[in-house]
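Novice: Structure file query-v1.cif (mmCIF, C-alpha atoms) right here:
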```
data_input
#
loop_
_atom_site.label_atom_id
_atom_site.label_comp_id
_atom_site.auth_asym_id
_atom_site.auth_seq_id
_atom_site.Cartn_x
_atom_site.Cartn_y
_atom_site.Cartn_z
CA MET A 1 93.88 -91.65 36.99
CA SER A 2 95.50 -93.14 33.90
CA SER A 3 94.05 -92.77 30.44
CA SER A 4 93.68 -96.53 30.21
CA GLU A 5 90.89 -96.50 32.77
CA SER A 6 87.35 -96.02 31.49
CA LEU A 7 85.66 -92.86 32.68
CA SER A 8 82.03 -93.01 33.79
CA TRP A 9 79.48 -90.84 35.54
CA ARG A 10 79.94 -92.95 38.63
CA ARG A 11 83.68 -92.33 38.58
CA LEU A 12 83.19 -88.58 38.25
CA PHE A 13 80.67 -88.44 41.06
CA SER A 14 82.81 -90.58 43.39
CA PHE A 15 85.59 -88.04 42.96
CA PHE A 16 83.41 -84.91 42.95
CA VAL A 17 80.85 -85.57 45.69
CA PRO A 18 83.29 -85.71 48.64
CA LEU A 19 84.85 -82.44 47.44
CA GLY A 20 81.40 -80.88 47.11
CA ILE A 21 80.33 -82.01 50.54
CA SER A 22 83.46 -80.62 52.16
CA ALA A 23 82.97 -77.28 50.38
CA SER A 24 79.33 -77.16 51.49
CA LEU A 25 80.33 -77.74 55.07
CA VAL A 26 82.75 -74.81 54.85
CA THR A 27 79.85 -72.54 53.98
CA ILE A 28 77.64 -74.06 56.66
CA SER A 29 80.32 -73.17 59.19
CA HIS A 30 80.00 -69.50 58.19
CA VAL A 31 76.22 -69.77 58.47
CA ILE A 32 76.71 -71.11 62.01
CA ILE A 33 78.83 -68.10 62.88
CA ASN A 34 76.42 -65.52 61.44
CA SER A 35 73.38 -67.18 63.00
CA THR A 36 75.19 -67.26 66.34
CA LEU A 37 76.14 -63.59 66.17
CA ALA A 38 72.57 -62.73 65.12
CA ARG A 39 71.46 -63.76 68.62
CA SER A 40 73.41 -60.95 70.27
CA ALA A 41 71.75 -57.87 71.72
CA HIS A 42 73.04 -55.74 68.83
CA PRO A 43 73.32 -58.12 65.86
CA GLU A 44 73.94 -55.45 63.21
CA THR A 45 77.01 -54.09 64.99
CA VAL A 46 78.38 -57.49 66.02
CA ILE A 47 77.96 -59.08 62.57
CA ALA A 48 79.38 -55.97 60.87
CA SER A 49 82.54 -56.02 63.03
CA TYR A 50 83.11 -59.70 62.23
CA ALA A 51 82.33 -59.24 58.51
CA ILE A 52 84.77 -56.33 58.10
CA ALA A 53 87.59 -58.13 59.92
CA GLY A 54 86.80 -61.26 57.94
CA SER A 55 87.01 -59.37 54.65
CA LEU A 56 90.59 -58.42 55.52
CA LEU A 57 91.36 -62.06 56.32
CA THR A 58 90.18 -62.85 52.79
CA LEU A 59 93.28 -61.04 51.52
CA THR A 60 95.39 -63.91 52.86
CA GLU A 61 92.93 -66.80 52.57
CA ARG A 62 92.78 -66.95 48.79
CA PRO A 63 96.59 -67.05 48.26
CA SER A 64 96.64 -69.75 50.93
CA THR A 65 94.04 -71.76 49.00
CA LEU A 66 96.26 -71.51 45.92
CA LEU A 67 98.90 -73.41 47.89
CA ARG A 68 96.53 -76.38 47.87
CA GLN A 69 96.28 -76.26 44.08
CA THR A 70 100.04 -75.83 43.81
CA CYS A 71 100.65 -78.81 46.07
CA SER A 72 98.26 -81.09 44.21
CA ALA A 73 99.88 -80.03 40.94
CA LEU A 74 103.56 -80.25 41.83
CA VAL A 75 104.17 -82.52 44.81
CA ARG A 76 104.95 -86.09 43.80
CA ASP A 77 107.85 -86.90 46.14
CA ARG A 78 109.32 -85.74 49.43
CA LEU A 79 111.82 -83.46 47.70
CA SER A 80 109.10 -81.48 45.92
CA PHE A 81 107.11 -81.31 49.16
CA GLN A 82 110.16 -79.88 50.92
CA ALA A 83 110.44 -77.23 48.21
CA LEU A 84 106.77 -76.36 48.63
CA THR A 85 107.19 -76.12 52.39
CA PHE A 86 109.94 -73.53 51.98
CA VAL A 87 107.72 -71.30 49.84
CA THR A 88 104.87 -71.83 52.30
CA LYS A 89 106.97 -70.65 55.25
CA ILE A 90 107.89 -67.44 53.44
CA PHE A 91 104.24 -66.78 52.62
CA LEU A 92 103.11 -67.46 56.20
CA ALA A 93 105.82 -65.23 57.70
CA CYS A 94 104.70 -62.33 55.51
CA VAL A 95 101.06 -62.86 56.42
CA LEU A 96 101.74 -62.92 60.16
CA LEU A 97 103.96 -59.83 59.92
CA ILE A 98 101.14 -57.92 58.25
CA GLY A 99 98.75 -59.17 60.91
CA PHE A 100 100.92 -57.97 63.78
CA LEU A 101 101.30 -54.55 62.16
CA ILE A 102 97.54 -54.22 61.77
CA VAL A 103 96.69 -55.30 65.32
CA TYR A 104 99.54 -53.85 67.35
CA SER A 105 100.45 -50.66 65.48
CA PRO A 106 98.67 -47.58 64.11
CA VAL A 107 98.64 -49.33 60.72
CA GLY A 108 95.45 -51.17 61.66
CA THR A 109 93.65 -47.97 62.60
CA GLY A 110 94.64 -46.43 59.28
CA VAL A 111 93.61 -49.49 57.26
CA PHE A 112 90.18 -49.90 58.81
CA LYS A 113 89.40 -46.20 59.28
CA TYR A 114 90.53 -44.79 55.95
CA LEU A 115 90.55 -47.80 53.61
CA PHE A 116 87.47 -49.61 54.91
CA GLY A 117 85.68 -46.47 56.10
CA VAL A 118 84.92 -47.97 59.51
CA SER A 119 83.24 -45.55 61.89
CA PRO A 120 85.09 -44.62 65.13
CA ASP A 121 82.57 -46.46 67.34
CA LEU A 122 83.17 -49.69 65.38
CA LEU A 123 86.93 -49.38 64.86
CA ASN A 124 88.21 -51.00 68.06
CA LYS A 125 85.66 -53.81 67.77
CA VAL A 126 86.90 -54.69 64.28
CA ILE A 127 90.57 -54.69 65.34
CA ASP A 128 89.71 -56.90 68.33
CA VAL A 129 88.11 -59.44 65.99
CA TYR A 130 91.08 -59.43 63.62
CA GLU A 131 93.45 -60.01 66.55
CA ILE A 132 92.05 -63.54 66.65
CA LEU A 133 91.39 -64.06 62.95
CA MET A 134 94.99 -63.37 61.88
CA TYR A 135 96.11 -66.65 63.48
CA VAL A 136 93.68 -68.56 61.26
CA SER A 137 96.26 -68.25 58.47
CA ILE A 138 98.52 -70.73 60.27
CA PHE A 139 95.87 -73.44 60.33
CA SER A 140 94.73 -72.59 56.80
CA VAL A 141 98.20 -73.12 55.32
CA ILE A 142 98.64 -76.45 57.10
CA ARG A 143 95.24 -77.61 55.92
CA ASN A 144 95.75 -76.59 52.31
CA ILE A 145 99.16 -78.13 51.62
CA TYR A 146 98.16 -81.47 53.11
CA GLN A 147 94.79 -81.44 51.36
CA GLY A 148 96.74 -81.02 48.13
CA ILE A 149 98.45 -84.33 48.80
CA ILE A 150 95.14 -85.94 49.71
CA ILE A 151 93.44 -84.81 46.46
CA THR A 152 96.39 -85.92 44.33
CA ASN A 153 96.11 -89.41 45.78
CA ASN A 154 92.35 -89.50 45.12
CA ARG A 155 91.41 -89.77 48.80
CA THR A 156 88.92 -86.92 48.65
CA LYS A 157 86.71 -88.49 51.31
CA TRP A 158 89.18 -87.19 53.89
CA LEU A 159 88.26 -83.62 53.00
CA THR A 160 84.70 -84.48 53.95
CA ILE A 161 85.79 -86.21 57.15
CA GLY A 162 87.87 -83.21 58.16
CA MET A 163 84.97 -80.87 57.56
CA VAL A 164 82.59 -83.04 59.58
CA PHE A 165 84.89 -82.79 62.58
CA ARG A 166 85.32 -79.04 61.99
CA LEU A 167 81.57 -78.48 61.80
CA ALA A 168 80.91 -80.52 64.93
CA GLY A 169 83.49 -78.53 66.89
CA MET A 170 82.16 -75.19 65.70
CA TYR A 171 78.54 -76.09 66.39
CA GLY A 172 79.38 -77.31 69.88
CA LEU A 173 81.25 -74.09 70.63
CA SER A 174 78.37 -72.08 69.18
CA LEU A 175 75.92 -73.79 71.54
CA TYR A 176 78.22 -72.97 74.44
CA PHE A 177 78.19 -69.27 73.65
CA ILE A 178 74.42 -69.30 73.09
CA TYR A 179 73.52 -71.08 76.31
CA THR A 180 75.96 -69.04 78.40
CA ASP A 181 74.55 -65.86 76.85
CA SER A 182 78.07 -64.56 76.16
CA ILE A 183 77.71 -63.35 72.57
CA ASP A 184 78.84 -59.81 73.27
CA SER A 185 81.15 -59.07 70.32
CA GLY A 186 82.40 -60.26 66.95
CA ARG A 187 85.30 -61.97 68.74
CA VAL A 188 82.89 -64.82 69.45
CA GLY A 189 82.63 -65.49 65.72
CA ALA A 190 86.41 -65.29 65.37
CA ILE A 191 86.94 -67.82 68.16
CA ILE A 192 84.44 -70.24 66.61
CA PHE A 193 86.04 -69.90 63.17
CA ALA A 194 89.62 -70.31 64.43
CA THR A 195 88.66 -73.41 66.42
CA GLY A 196 87.06 -75.01 63.38
CA MET A 197 90.08 -74.30 61.19
CA MET A 198 92.40 -75.79 63.80
CA ILE A 199 90.36 -79.01 63.89
CA GLU A 200 90.29 -79.34 60.10
CA ALA A 201 94.02 -78.62 59.84
CA LEU A 202 94.75 -81.40 62.34
CA VAL A 203 92.71 -83.98 60.40
CA SER A 204 94.31 -82.94 57.09
CA PHE A 205 97.78 -83.10 58.59
CA LEU A 206 97.30 -86.58 60.05
CA GLU A 207 96.05 -88.08 56.78
CA GLY A 208 98.26 -86.04 54.46
CA ASN A 209 101.39 -86.71 56.46
CA SER A 210 100.62 -90.42 56.39
CA ILE A 211 100.55 -90.27 52.59
CA LYS A 212 103.67 -88.12 52.42
CA ARG A 213 105.72 -90.64 54.41
CA LYS A 214 105.00 -93.25 51.74
CA MET A 215 106.21 -91.02 48.91
CA PRO A 216 109.61 -91.71 47.32
CA ALA A 217 112.44 -89.40 48.34
CA LYS A 218 112.97 -88.39 44.70
CA LEU A 219 110.78 -89.49 41.82
CA GLU A 220 112.69 -90.07 38.62
CA ASP A 221 112.07 -87.50 35.87
CA HIS A 222 109.86 -85.35 38.14
CA PRO A 223 110.75 -81.75 37.16
CA VAL A 224 110.02 -80.10 40.53
CA GLU A 225 113.17 -80.18 42.65
CA SER A 226 113.70 -76.74 44.18
CA LYS A 227 111.82 -73.86 45.75
CA GLY A 228 112.39 -71.96 42.49
CA ASP A 229 110.37 -74.56 40.59
CA VAL A 230 107.50 -74.18 43.04
CA PHE A 231 107.65 -70.39 43.06
CA ARG A 232 107.59 -70.16 39.26
CA PHE A 233 104.39 -72.19 39.23
CA TYR A 234 102.80 -70.39 42.21
CA LYS A 235 103.68 -66.81 41.25
CA PRO A 236 101.30 -66.43 38.26
CA LEU A 237 98.42 -67.82 40.32
CA LEU A 238 99.32 -65.54 43.21
CA LEU A 239 99.44 -62.43 41.05
CA SER A 240 96.16 -63.27 39.35
CA SER A 241 94.46 -63.60 42.74
CA PHE A 242 95.60 -60.27 44.17
CA VAL A 243 93.10 -58.24 42.16
CA ALA A 244 90.20 -60.52 43.11
CA LEU A 245 91.21 -60.38 46.77
CA PHE A 246 90.24 -56.75 47.00
CA ILE A 247 86.71 -57.17 45.66
CA GLY A 248 85.25 -58.20 49.03
CA PRO A 249 86.86 -55.38 51.04
CA VAL A 250 85.93 -52.82 48.36
CA ILE A 251 82.29 -53.90 48.57
CA ASN A 252 82.28 -53.43 52.33
CA ILE A 253 83.96 -50.04 51.91
CA VAL A 254 81.29 -48.86 49.48
CA LEU A 255 78.51 -50.32 51.63
CA GLY A 256 79.87 -48.02 54.32
CA LYS A 257 78.61 -45.13 52.18
CA THR A 258 74.98 -46.33 52.10
CA THR A 259 72.12 -44.90 54.15
CA GLY A 260 72.24 -47.75 56.67
CA ILE A 261 75.88 -48.78 57.11
CA ALA A 262 75.62 -51.58 59.67
CA LEU A 263 72.37 -52.85 58.13
CA ALA A 264 73.88 -52.86 54.63
CA ILE A 265 77.02 -54.75 55.66
CA SER A 266 75.09 -57.22 57.81
CA SER A 267 72.41 -57.98 55.20
CA PHE A 268 75.08 -58.45 52.53
CA ALA A 269 77.04 -60.82 54.81
CA ILE A 270 73.94 -62.90 55.59
CA ALA A 271 72.69 -63.08 52.00
CA SER A 272 76.19 -63.84 50.73
CA SER A 273 76.67 -66.68 53.21
CA LEU A 274 73.32 -68.23 52.24
CA MET A 275 74.08 -67.86 48.53
CA GLN A 276 77.51 -69.44 49.01
CA LEU A 277 75.84 -72.30 50.85
CA MET A 278 73.76 -73.11 47.77
CA LEU A 279 76.75 -72.66 45.47
CA SER A 280 79.45 -74.30 47.57
CA PHE A 281 78.83 -77.90 46.50
CA PHE A 282 79.67 -76.96 42.92
CA THR A 283 82.92 -75.04 43.49
CA TYR A 284 85.17 -77.97 42.51
CA ILE A 285 84.08 -78.34 38.88
CA HIS A 286 87.54 -77.10 37.88
CA GLN A 287 89.02 -80.18 39.58
CA ILE A 288 86.92 -82.41 37.32
CA VAL A 289 88.37 -80.57 34.32
CA LEU A 290 91.94 -80.76 35.61
CA ASN A 291 91.80 -84.45 36.43
CA PHE A 292 89.55 -85.92 33.73
CA TYR A 293 89.20 -83.59 30.71
CA LEU A 294 92.08 -85.22 28.85
CA VAL A 295 90.55 -88.62 29.52
CA ASP A 296 87.05 -87.89 28.18
CA ALA A 297 86.37 -84.25 27.31
CA LYS A 298 82.84 -84.93 26.06
CA LEU A 299 81.72 -86.60 29.28
CA VAL A 300 83.30 -83.86 31.40
CA ARG A 301 81.44 -81.18 29.41
CA LYS A 302 78.17 -83.09 29.93
CA PHE A 303 78.89 -83.36 33.64
CA ALA A 304 79.48 -79.60 33.92
CA LEU A 305 76.31 -78.83 31.95
CA VAL A 306 74.14 -81.09 34.08
CA THR A 307 75.46 -79.84 37.41
CA GLY A 308 75.92 -76.20 36.44
CA PHE A 309 72.26 -75.16 36.56
CA ILE A 310 71.49 -76.75 39.94
CA PRO A 311 72.67 -73.87 42.20
CA PHE A 312 70.69 -71.35 40.12
CA ALA A 313 67.52 -73.42 40.55
CA MET A 314 68.16 -73.63 44.29
CA MET A 315 68.65 -69.87 44.55
CA VAL A 316 65.39 -69.10 42.74
CA SER A 317 63.46 -71.57 44.90
CA ILE A 318 64.60 -69.83 48.08
CA ALA A 319 64.92 -66.17 47.12
CA TYR A 320 61.58 -65.89 45.30
CA THR A 321 59.32 -68.16 47.36
CA PRO A 322 58.08 -68.12 50.99
CA LEU A 323 60.91 -70.54 51.74
CA GLY A 324 63.35 -67.61 51.84
CA PRO A 325 61.85 -65.72 54.81
CA TRP A 326 61.36 -69.02 56.64
CA VAL A 327 65.03 -69.98 56.23
CA LEU A 328 66.28 -66.55 57.29
CA GLU A 329 64.07 -66.44 60.39
CA ASN A 330 64.10 -70.06 61.58
CA VAL A 331 67.48 -71.33 60.39
CA MET A 332 69.61 -68.18 60.61
CA SER A 333 67.67 -66.42 63.41
CA VAL A 334 67.40 -63.18 61.40
CA GLN A 335 64.46 -60.96 62.26
CA GLY A 336 62.92 -57.55 61.66
CA GLU A 337 64.38 -55.07 59.22
CA LEU A 338 67.56 -57.13 58.89
CA LEU A 339 65.48 -60.07 57.58
CA GLN A 340 63.80 -57.95 54.89
CA GLN A 341 67.07 -56.37 53.79
CA SER A 342 68.76 -59.78 53.67
CA LEU A 343 65.94 -61.20 51.52
CA TRP A 344 66.17 -58.31 49.03
CA THR A 345 69.93 -58.74 48.86
CA LEU A 346 69.54 -62.48 48.27
CA ARG A 347 67.21 -61.79 45.32
CA ALA A 348 69.78 -59.38 43.87
CA PHE A 349 72.32 -62.23 43.93
CA VAL A 350 70.28 -64.43 41.57
CA LEU A 351 72.64 -64.00 38.60
CA PHE A 352 75.73 -65.08 40.56
CA PRO A 353 74.97 -68.83 40.94
CA LEU A 354 73.99 -69.00 37.25
CA ILE A 355 77.41 -67.72 36.15
CA PHE A 356 79.82 -69.26 38.64
CA PRO A 357 79.71 -72.99 37.71
CA PHE A 358 80.47 -72.23 34.07
CA LEU A 359 83.23 -69.80 35.05
CA ASP A 360 84.73 -72.52 37.25
CA PHE A 361 84.63 -74.97 34.32
CA SER A 362 86.25 -72.41 32.02
CA ASN A 363 88.95 -71.62 34.56
CA GLY A 364 89.67 -75.34 34.73
CA LEU A 365 90.42 -75.28 30.99
CA ILE A 366 92.60 -72.21 31.43
CA LEU A 367 94.61 -73.90 34.20
CA LEU A 368 94.87 -77.09 32.17
CA ARG A 369 96.41 -75.09 29.34
CA GLY A 370 98.72 -73.24 31.69
CA GLN A 371 97.31 -69.88 30.55
CA THR A 372 97.41 -68.27 33.98
CA LYS A 373 97.93 -64.78 32.52
CA THR A 374 94.36 -65.03 31.29
CA MET A 375 93.14 -65.39 34.87
CA PHE A 376 94.89 -62.13 35.76
CA ARG A 377 93.11 -60.30 32.94
CA SER A 378 89.72 -61.82 33.78
CA GLN A 379 90.08 -61.03 37.49
CA THR A 380 91.01 -57.47 36.59
CA ALA A 381 87.90 -57.16 34.43
CA ASN A 382 85.83 -58.49 37.35
CA ALA A 383 87.28 -55.95 39.76
CA ILE A 384 86.91 -52.99 37.39
CA CYS A 385 83.30 -53.86 36.54
CA THR A 386 82.44 -54.42 40.21
CA VAL A 387 83.89 -51.08 41.30
CA ILE A 388 82.16 -49.16 38.50
CA VAL A 389 78.76 -50.68 39.30
CA LEU A 390 79.29 -50.10 43.04
CA LEU A 391 80.07 -46.42 42.56
CA ILE A 392 77.14 -45.90 40.19
CA LEU A 393 74.60 -47.63 42.44
CA VAL A 394 75.76 -46.08 45.72
CA SER A 395 75.54 -42.61 44.19
CA ILE A 396 72.09 -43.15 42.64
CA PHE A 397 70.45 -45.70 44.98
CA PRO A 398 72.17 -45.46 48.41
CA ALA A 399 69.04 -46.85 50.09
CA TRP A 400 69.52 -50.18 48.29
CA ASN A 401 72.04 -51.06 51.03
CA GLY A 402 73.25 -54.68 50.68
CA MET A 403 71.63 -55.07 47.24
CA ILE A 404 74.29 -52.74 45.85
CA GLY A 405 77.01 -55.24 46.70
CA ALA A 406 75.04 -58.19 45.33
CA VAL A 407 74.34 -56.59 41.94
CA ALA A 408 77.90 -55.31 41.56
CA GLN A 409 79.50 -58.64 42.47
CA SER A 410 77.24 -60.54 40.06
CA LEU A 411 77.97 -58.25 37.12
CA GLY A 412 81.68 -58.36 37.92
CA LEU A 413 81.59 -62.15 37.74
CA LEU A 414 79.86 -61.90 34.36
CA ALA A 415 82.67 -59.67 33.07
CA GLU A 416 85.21 -62.25 34.26
CA LEU A 417 83.40 -65.07 32.44
CA ILE A 418 83.25 -63.08 29.21
CA ILE A 419 87.02 -62.52 29.21
CA VAL A 420 87.74 -66.21 29.87
CA TRP A 421 85.34 -67.34 27.14
CA LEU A 422 86.91 -64.94 24.64
CA VAL A 423 90.37 -66.35 25.32
CA ILE A 424 89.16 -69.96 25.05
CA ARG A 425 87.41 -69.28 21.75
CA ARG A 426 90.34 -67.31 20.34
CA THR A 427 93.10 -69.78 21.18
CA LYS A 428 91.20 -72.97 20.29
CA GLN A 429 94.12 -75.14 21.36
CA GLU A 430 93.92 -78.57 22.89
CA PRO A 431 94.23 -78.35 26.68
CA THR A 432 97.57 -79.46 28.08
CA MET A 433 98.84 -79.16 31.61
CA SER A 434 102.07 -77.20 31.70
CA VAL A 435 104.45 -75.54 34.08
CA PRO A 436 106.47 -72.39 33.37
CA ARG A 437 109.55 -72.40 31.16
CA ALA A 438 108.05 -75.00 28.85
CA ARG A 439 108.61 -77.82 31.31
CA LYS A 440 105.78 -80.31 31.05
CA SER A 441 104.84 -83.32 33.08
CA THR A 442 101.89 -85.55 32.34
CA SER A 443 101.73 -86.43 36.02
CA LEU A 444 100.74 -82.92 37.03
CA LYS A 445 97.18 -82.43 38.22
CA GLY A 446 95.59 -79.43 39.92
#
```
In structure tokens, what does this structure look like?
Specialist:
Amino acid sequence: MSSSESLSWRRLFSFFVPLGISASLVTISHVIINSTLARSAHPETVIASYAIAGSLLTLTERPSTLLRQTCSALVRDRLSFQALTFVTKIFLACVLLIGFLIVYSPVGTGVFKYLFGVSPDLLNKVIDVYEILMYVSIFSVIRNIYQGIIITNNRTKWLTIGMVFRLAGMYGLSLYFIYTDSIDSGRVGAIIFATGMMIEALVSFLEGNSIKRKMPAKLEDHPVESKGDVFRFYKPLLLSSFVALFIGPVINIVLGKTTGIALAISSFAIASSLMQLMLSFFTYIHQIVLNFYLVDAKLVRKFALVTGFIPFAMMVSIAYTPLGPWVLENVMSVQGELLQQSLWTLRAFVLFPLIFPFLDFSNGLILLRGQTKTMFRSQTANAICTVIVLLILVSIFPAWNGMIGAVAQSLGLLAELIIVWLVIRRTKQEPTMSVPRARKSTSLKG
């Protein structure tokens, strides 16, 4: 969008709503998986095996998501896309190599047994789930780089379309497993998830590739020409994400030290998925900052303020009213002790949706300024705070089970927001999109 165009609430919503819908559908897909696995004969064990394997997949999913931001920021012609593709292939090769080592060598046993604290009776089940999940990285990378092109060209509706097809495919497959009564392990969840990612990747590729073919071979004065240019932009984001990547696995590891291991991990997974569902629509506020802050900073700040309190209000209305038990039982098919533990964990999450939208807005400013080192420091503060709170709570209140993870993750997010705010207040510089080595381009958007 050029600065000559007038910015309005309608313009912001037309850009933001399709992104929000697509993000919401991502979370709904996880709710589908957990509600499907909850119908098994032993839901605690089945959900726990999927959740632990999925937490390891998170180690590769977030760096993959950063490829989408990198693509939308740097790719303006076919030459820059080719450079991005080279970096992407290196990343994907490393991810698959790690996956093969975990599944087909003693490395996996060591990782899950000693790092994640998985019990011997659950160990093989977790590895079996990850054997399927590791291939999700292929579809994730394809989806993200082509979605970057789609966002850059302001065709965000295609992210929603892709998610609609993904959700339909996952729901249909879920019904198949339910009606054939074949939900016997966490591999069912992995199959459903991988199928959905494959569908979304296909839609993103078809639309993104159509846009790419219309790009010029080399755009004049565009600074991104080689894989080195892409890597220099991607590396700071990648490093800043590594610390945050371990927060999820560490939580599951510590939950393995509670009085009810499977119950703690399962209740945390269910409450987290429901919380993310309420929060997911508002996870693209940083894109509003990146694309429109320099056009009308005042309106963007108003937009963030208006939308930022909505997920908190939604969380309170569910976690602290009779609506919560009804949703858990009738929508997610959670019953018995698992329902009660999930409800308590959801209530312990109440601070998280209050903090996140404003952290996302602040991170948008940090990215706009090119201050990616700040994100590394803030993520480190998040991780340190989370670990400290986890260790304190599990030693004093081990019977809190999933609530331990919810409280720790919320306070860790608060620590991250404080660091980002301090940097923004201290620097007080006008935001400006930049790339490393002082090379700037006004065409760059994240």
Novice: Selection in question (the file shown): the PyMOL selection byres ((chain A and resi 312-329) around 12). Which residues does it include, as a PyMOL selection string?
Specialist: chain A and resi 31+34-35+38-39+267+270-282+306-311+330-358
Novice: What gap, in Å, lies between CA of Pro216 in chain A and CA of Arg68 in chain A?
Specialist: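 Atom-to-atom, CA of Pro216 in chain A to CA of Arg68 in chain A, that is 20.2 Å.
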Novice: Report the residues retrieved by the PyMOL selection byres ((chain A and resi 197) around 9) from the displayed file, expressed as a list in words.
Specialist: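 Output of the PyMOL selection byres ((chain A and resi 197) around 9): Val136, Phe139, Ser140, Arg143, Arg166, Ile192, Phe193, Ala194, Thr195, Gly196, Met198, Ile199, Glu200, Ala201 and Leu202 of chain A.
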Novice: Identify, on the basis of all atoms listed in the file, every residue whose closest approach to Asp181 in chain A does not exceed 10 Å; exclude the query and any residue fewer than 4 positions from it along the same chain; express the result as a list in words.
Specialist: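 Those residues are Arg39, Ser40, Ala41, Leu175, Tyr176 and Phe177 of chain A.
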Novice: Looking at A:Val243, A:Val300, A:Leu390, A:Ile102, which one is nearest to Leu7 in chain A, with distances taken over all atoms listed in the file?
Specialist: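 Closest residue, counting all atoms listed in the file: A:Val300.
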Novice: Just how far from CA of Gly248 in chain A is CA of Leu59 in chain A, in Å to one decimal?
Specialist: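 That distance, rounded to one decimal, is 8.9 Å.
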Novice: Decode the PyMOL selection byres ((chain A and resi 241) around 9) for the given file into explicit residues and return them as a list in words.
Specialist: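 Here the PyMOL selection byres ((chain A and resi 241) around 9) matches Arg62, Pro63, Leu66, Pro236, Leu237, Leu238, Leu239, Ser240, Phe242, Val243, Ala244, Leu245, Met375, Phe376 and Gln379 of chain A.
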Novice: Counting all atoms listed in the file, find residues at most 9 Å from (90.2, -84.2, 35.3) (file frame) and give them as an MDAnalysis selection string.
Specialist: chainID A and resid 1 12 286:297 300 364 445:446
Novice: With C-alpha atoms retained, could you export that selection as an mmCIF file, keeping the file's coordinate frame?
Specialist:
```
data_model
loop_
_atom_site.group_PDB
_atom_site.id
_atom_site.type_symbol
_atom_site.label_atom_id
_atom_site.label_comp_id
_atom_site.auth_asym_id
_atom_site.auth_seq_id
_atom_site.Cartn_x
_atom_site.Cartn_y
_atom_site.Cartn_z
ATOM 1 C CA MET A 1 93.880 -91.650 36.990
ATOM 2 C CA LEU A 12 83.190 -88.580 38.250
ATOM 3 C CA HIS A 286 87.540 -77.100 37.880
ATOM 4 C CA GLN A 287 89.020 -80.180 39.580
ATOM 5 C CA ILE A 288 86.920 -82.410 37.320
ATOM 6 C CA VAL A 289 88.370 -80.570 34.320
ATOM 7 C CA LEU A 290 91.940 -80.760 35.610
ATOM 8 C CA ASN A 291 91.800 -84.450 36.430
ATOM 9 C CA PHE A 292 89.550 -85.920 33.730
ATOM 10 C CA TYR A 293 89.200 -83.590 30.710
ATOM 11 C CA LEU A 294 92.080 -85.220 28.850
ATOM 12 C CA VAL A 295 90.550 -88.620 29.520
ATOM 13 C CA ASP A 296 87.050 -87.890 28.180
ATOM 14 C CA ALA A 297 86.370 -84.250 27.310
ATOM 15 C CA VAL A 300 83.300 -83.860 31.400
ATOM 16 C CA GLY A 364 89.670 -75.340 34.730
ATOM 17 C CA LYS A 445 97.180 -82.430 38.220
ATOM 18 C CA GLY A 446 95.590 -79.430 39.920
#
```
Novice: When you draw a straight line from CA of Ala48 in chain A to CA of Gly108 in chain A, how long is it in Å?
Specialist: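 Separating CA of Ala48 in chain A from CA of Gly108 in chain A is a distance of 16.8 Å.
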Novice: Considering all atoms listed in the file, state which residue in the set A:Gln371, A:Ser362, A:Asn124, A:Asn252 is at the smallest distance from Gly405 in chain A.
Specialist: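 Checking each candidate against Gly405 in chain A, we get A:Asn252 as the closest.
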Novice: Give me the residues near Trp158 in chain A as a list in words, where near means some atom within 12 Å (using only C-alpha atoms) and where sequence neighbours in that chain fewer than 6 positions away do not count.
Specialist: Phe15, Val17, Pro18, Leu19, Ile21, Ser22, Arg143, Tyr146, Gln147, Gly148, Ile149, Ile150, Ile151, Val164, Phe165, Glu200, Ala201, Leu202, Val203, Ser204, Phe205, Leu206, Glu207, Gly208 and Ile211 of chain A
Novice: Here is a test: counting only C-alpha atoms, which residue of A:Thr380, A:Thr258, A:Ser185, A:Ser137 is nearest to Glu61 in chain A?
Specialist: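 For Glu61 in chain A, the nearest of the candidates is A:Ser137.
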Novice: With distances taken over all atoms listed in the file, which of A:Val141, A:Leu133, A:Leu263, A:Ile127 is nearest to Pro106 in chain A?
Specialist: A:Ile127
Novice: In terms of the shortest atom-to-atom distance over all atoms listed in the file, which of A:Val224, A:Val254, A:Ala93, A:Met215 is closest to Arg78 in chain A?
Specialist: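 Looking at the shortest contact to Arg78 in chain A, the residue is A:Met215.
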Novice: Using only C-alpha atoms for the distances, tell me which of A:Trp400, A:Phe303, A:Phe86, A:Phe361 is nearest to Trp421 in chain A.
Specialist: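 The answer is A:Phe361, which sits nearest to Trp421 in chain A.
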Novice: Name the residues in contact with Arg377 in chain A at a cut-off of 9 Å, using all atoms listed in the file, excluding same-chain residues fewer than 6 positions from it; report them as a list in words.
Specialist: Ser240, Glu416, Ile419 and Val420 of chain A
Novice: Please produce a file of the residues just selected, as a PDB file, in the coordinates of the input, where the atoms kept are C-alpha atoms.
Specialist:
```
ATOM      1  CA  SER A 240      96.160 -63.270  39.350  1.00  0.00           C
ATOM      2  CA  GLU A 416      85.210 -62.250  34.260  1.00  0.00           C
ATOM      3  CA  ILE A 419      87.020 -62.520  29.210  1.00  0.00           C
ATOM      4  CA  VAL A 420      87.740 -66.210  29.870  1.00  0.00           C
TER       5      VAL A 420
END
```
